[in-house]
Amino acid sequence: MTPHSAVRATLNIGGSLSELAERQGAVTAICQPRARRRDGGIDYERTSYRDLDGISDTLARGLRAVGIGRGVRTVLMVPPGRDFFNLAFAMAKAGAVPVVVDPGMGVRAITSCLRNAAPEAFIGIPKAHLARVALGWGRGTLRQAVTVGGPRWLGGLTLAEVERAGSGDGMAVAPTDPGELAAILFTSGSTGTPKGVAYTHANLAAQVEILRSIAGLGDQEIDLPTFALFALFDPALGMTTVVPELDFAHPAKADPARIAAAIQQERVTNMFCSVAILDNLARWGARTGARLPTLRRVICAGAPVPVRVLGRFVALLEPNAHVVTPYGATEALPVTTIRSDEILGDTQALTLAGAGVCVGRPVPNVEVAIIPIGEEAITAWHEVTPLAVGEIGEIVVRGPVVTSHYWGREEATRLAKIPVADGTFWHRMGDVGYLDARGRLWFCGRKAHRVQLEGGRTLFPVRCEGVFNAHPDVRRSALVGVRRAGRTIPVLCVELERASLWRSREHLVAELRELGRSCPETELVADFLFHPGLPVDARHNAKIRREIVAPWAERKLG
């Protein structure tokens, strides 16, 4: 494996935009919704690659002039759109370090994240600055503030003032090193406290190249990204970005008709989305009979895609189009990928029989191994004996897209990273799974969510849930462990399809028990509860938060 430092002497992810502007300057980089036309179509404000490169150059010089330069940790709280892209690439070019948190994670979590990041600058819309002052974000560490989309707000400068400060000549792209800090991106905190993942310029460059190779992304593609951070890959890949009409903090609430209208009008060829949006679009298409013939591929991440949802969505596409589902995490993405044709044609039957979810083969230059499940830190790779094919254990990964540490959390880093004698390291994903004889990775759930029963038997949620999710009345389910009479029992919490809410619970439980008895993985599951709406993560609105479901189930069972 080639160490990251060998990529090249200097590397700045923002520089790729300048290279693209020379090659395709007149091509549209950003389409931002401006208004609805009388005919129902969308009127877009369009920004070319030449314009995006030019304004981000000016802003990069301006940011450095006002003290937001190389290595300065800077909160960016601007909704996706023209200003967001301009600033993101300007910060990259200036060498500033964006600190990014999900607005949907809640005030308390955001406050904790920003206390950990100790930001030195803050760029945001007026509402973000109001929260900054009211909640003390960056108190004691901030040296500069910039207001976007309004007059000067609570001190600092306006974006127009930053632009004027950079209007002269001078170098725009900082000569940053491959191993230099490029961004701090916080995890969603779906299984614990959100942690700031430290990305280097080499990590980001590796992600761009892997996305280009595994999905064929690049020039002439038109992308509709429903996750703000993924949108930043578009200009680096030469794609046109169509900004969707949705609240990025709550993607599950997006209107599928509006998403589809944008895809159809702009002839979108690629879409990045969460399972929640894919499900809503698939249901909308099934109701309306609509199709999305221009889409060549959909990249769906955030949680395993239920096979029923996948099959329903693929029906909206042309025969040669497909859904790509990458597996990874904020700390390492992507790790593996698999396409819808392989899932629907091969692995879905095994998922429904309790094998877990196949998440595919490792992407180029990324290694995957399975080690015994443990909670303690591992100080050296030679202390570990990887498990054999088919054995379930903890998933660990190594490669150029894998980040090296958490910002300001040495103990979390020590627990998550396994050093290797050659100077590289393995990252512990916090997930459990196994490798099959064909080199494919099967995901069985989060390590923290496994249900350990008396007698040494362990149930893995994703394996069990796959069996019960085959029932036509089940929309999704969550297996949790509940303590009763001094022992742990497995309980399946079920969210029903809306059309099935009228059905007798007694009959449903009988059918689910019968289904469970048909599979060795689920034969011990005998208790069932019906949940009105299983809680999900803030980022993708797709990962079921079993740590919330478990105490709910305990209360319901008394």
# chains A, B, ... in the order shown; residues from 1 in each chain; ligands from 1

$ residues_around --residues "range 170-184 of chain A" --least-positions-apart "2" --cutoff "8 Å" --atoms "only C-alpha atoms" --output "PDB file with C-alpha atoms, in the first residue's frame"
ATOM      1  CA  HIS A   4      -0.603   8.992   1.572  1.00  0.00           C
ATOM      2  CA  SER A   5       2.495  11.200   1.667  1.00  0.00           C
ATOM      3  CA  VAL A   7       0.736  11.217  -3.616  1.00  0.00           C
ATOM      4  CA  ARG A   8       2.689  14.341  -4.573  1.00  0.00           C
ATOM      5  CA  ALA A   9       4.572  17.166  -2.912  1.00  0.00           C
ATOM      6  CA  THR A  10       1.607  19.557  -2.786  1.00  0.00           C
ATOM      7  CA  LEU A  11      -2.076  18.877  -3.246  1.00  0.00           C
ATOM      8  CA  ASN A  12      -5.140  21.119  -3.004  1.00  0.00           C
ATOM      9  CA  GLY A  14      -9.664  23.232  -4.876  1.00  0.00           C
ATOM     10  CA  GLY A  15      -7.118  23.240  -7.679  1.00  0.00           C
ATOM     11  CA  ASP A  57     -10.507  32.562  -6.658  1.00  0.00           C
ATOM     12  CA  THR A  58     -11.549  36.057  -5.592  1.00  0.00           C
ATOM     13  CA  ALA A  60     -10.048  32.666  -1.601  1.00  0.00           C
ATOM     14  CA  ARG A  61      -7.807  35.736  -1.801  1.00  0.00           C
ATOM     15  CA  ARG A  70      -4.331  28.046   5.624  1.00  0.00           C
ATOM     16  CA  GLY A  71      -5.174  25.842   8.602  1.00  0.00           C
ATOM     17  CA  ALA A  92     -10.304  24.807  -0.141  1.00  0.00           C
ATOM     18  CA  LYS A  93      -8.212  27.088  -2.334  1.00  0.00           C
ATOM     19  CA  ALA A  94      -7.316  29.304   0.624  1.00  0.00           C
ATOM     20  CA  GLY A  95      -6.317  26.268   2.682  1.00  0.00           C
ATOM     21  CA  ALA A  96      -8.922  27.047   5.345  1.00  0.00           C
ATOM     22  CA  VAL A  97     -10.417  24.050   7.154  1.00  0.00           C
ATOM     23  CA  PRO A  98     -14.228  23.800   6.941  1.00  0.00           C
ATOM     24  CA  VAL A  99     -15.923  22.546  10.104  1.00  0.00           C
ATOM     25  CA  VAL A 100     -19.177  20.908   9.014  1.00  0.00           C
ATOM     26  CA  ALA A 117     -13.703  21.814  17.092  1.00  0.00           C
ATOM     27  CA  GLY A 168      -6.772  42.266  -6.664  1.00  0.00           C
ATOM     28  CA  PHE A 186     -18.700  15.380  12.155  1.00  0.00           C
ATOM     29  CA  GLY A 196     -15.053  15.269  14.248  1.00  0.00           C
ATOM     30  CA  VAL A 197     -13.358  13.284  11.487  1.00  0.00           C
ATOM     31  CA  ALA A 198     -10.120  14.879  10.298  1.00  0.00           C
ATOM     32  CA  TYR A 199      -9.869  14.785   6.487  1.00  0.00           C
ATOM     33  CA  THR A 200      -6.636  15.506   4.659  1.00  0.00           C
ATOM     34  CA  HIS A 201      -6.315  16.807   1.104  1.00  0.00           C
ATOM     35  CA  ALA A 202      -5.085  13.318   0.153  1.00  0.00           C
ATOM     36  CA  TRP A 407     -10.168  15.868  15.934  1.00  0.00           C
TER      37      TRP A 407
END

$ select_by_dssp --residues "range 236-432 of chain A" --states "helix (DSSP H, G or I)" --output "ChimeraX atom specification"
/A:236-237,251-253,256-266,275-288,307-314,340-352,381-383,410-416

$ closest_residue --among "A:Arg283, A:Val107, A:Leu316, A:Leu157" --to "Leu135 in chain A" --atoms "only C-alpha atoms"
A:Val107

$ residues_around --residues "Arg484 in chain A" --least-positions-apart "6" --cutoff "12 Å" --atoms "only C-alpha atoms" --output "list in words"
Leu453, Pro490, Val491, Asp527, Ala553, Glu554, Arg555, Lys556, Leu557 and Gly558 of chain A

$ residues_around --residues "Val335 in chain A" --least-positions-apart "4" --cutoff "6 Å" --atoms "only C-alpha atoms" --output "ChimeraX atom specification"
/A:327-328,362-363

$ residues_around --residues "His531 in chain A" --least-positions-apart "5" --cutoff "7 Å" --atoms "only C-alpha atoms" --output "VMD selection string"
chain A and resid 493 to 495

$ write_last_selection --atoms "N, CA and C atoms" --output "JSON list (two decimals), in the first residue's frame"
[["chain", "number", "residue", "atom", "x", "y", "z"],
["A", 493, "CYS", "N", -39.24, -4.82, 16.92],
["A", 493, "CYS", "CA", -40.12, -3.66, 16.87],
["A", 493, "CYS", "C", -40.43, -3.37, 15.40],
["A", 494, "VAL", "N", -41.69, -3.35, 15.06],
["A", 494, "VAL", "CA", -42.12, -3.33, 13.66],
["A", 494, "VAL", "C", -42.85, -2.04, 13.33],
["A", 495, "GLU", "N", -42.45, -1.42, 12.23],
["A", 495, "GLU", "CA", -43.20, -0.30, 11.64],
["A", 495, "GLU", "C", -43.93, -0.85, 10.42]]

$ closest_residue --among "A:Arg476, A:His449, A:Arg50, A:Lys195" --to "Val309 in chain A" --atoms "only C-alpha atoms"
A:Arg476

$ closest_residue --among "A:Asp346, A:Glu318, A:Asp473, A:Asp431" --to "Ala369 in chain A" --atoms "only C-alpha atoms"
A:Asp431

$ closest_residue --among "A:Asp39, A:Glu161, A:Glu454, A:Asp255" --to "Ala276 in chain A" --atoms "only C-alpha atoms"
A:Asp255

$ residues_around --residues "range 103-105 of chain A" --least-positions-apart "3" --cutoff "8 Å" --atoms "only C-alpha atoms" --output "ChimeraX atom specification"
/A:109-110,188,249-250,538-539

$ write_last_selection --atoms "N, CA and C atoms" --output "CSV table (one decimal), in the first residue's frame"
chain,number,residue,atom,x,y,z
A,109,ALA,N,-26.3,18.8,20.2
A,109,ALA,CA,-25.3,18.1,19.6
A,109,ALA,C,-24.4,19.0,18.8
A,110,ILE,N,-25.0,20.0,18.1
A,110,ILE,CA,-24.2,21.0,17.4
A,110,ILE,C,-23.3,21.7,18.3
A,188,SER,N,-22.7,11.5,12.4
A,188,SER,CA,-24.1,11.8,12.7
A,188,SER,C,-24.3,11.6,14.2
A,249,ALA,N,-31.8,19.4,5.9
A,249,ALA,CA,-31.7,18.9,7.2
A,249,ALA,C,-32.8,17.8,7.5
A,250,HIS,N,-33.8,17.7,6.6
A,250,HIS,CA,-34.8,16.7,6.7
A,250,HIS,C,-35.1,16.1,5.3
A,538,ALA,N,-30.3,11.8,11.9
A,538,ALA,CA,-30.6,13.1,11.4
A,538,ALA,C,-30.0,13.4,10.0
A,539,ARG,N,-28.9,12.7,9.6
A,539,ARG,CA,-28.2,13.0,8.4
A,539,ARG,C,-29.0,12.4,7.2

$ closest_residue --among "A:Gly430, A:Gly408, A:Pro306, A:Pro119" --to "Val396 in chain A" --atoms "only C-alpha atoms"
A:Gly430

$ closest_atom_pairs --of "range 506-526 of chain A" --to "range 349-356 of chain A" --cutoff "9 Å" --atoms "only C-alpha atoms" --output "CSV"
residue,atom,partner,partner_atom,distance
A:Ser518,CA,A:Ala353,CA,8.7
A:Cys519,CA,A:Ala353,CA,6.7
A:Pro520,CA,A:Gly354,CA,8.2
A:Glu521,CA,A:Gly354,CA,6.1
A:Thr522,CA,A:Gly354,CA,7.8
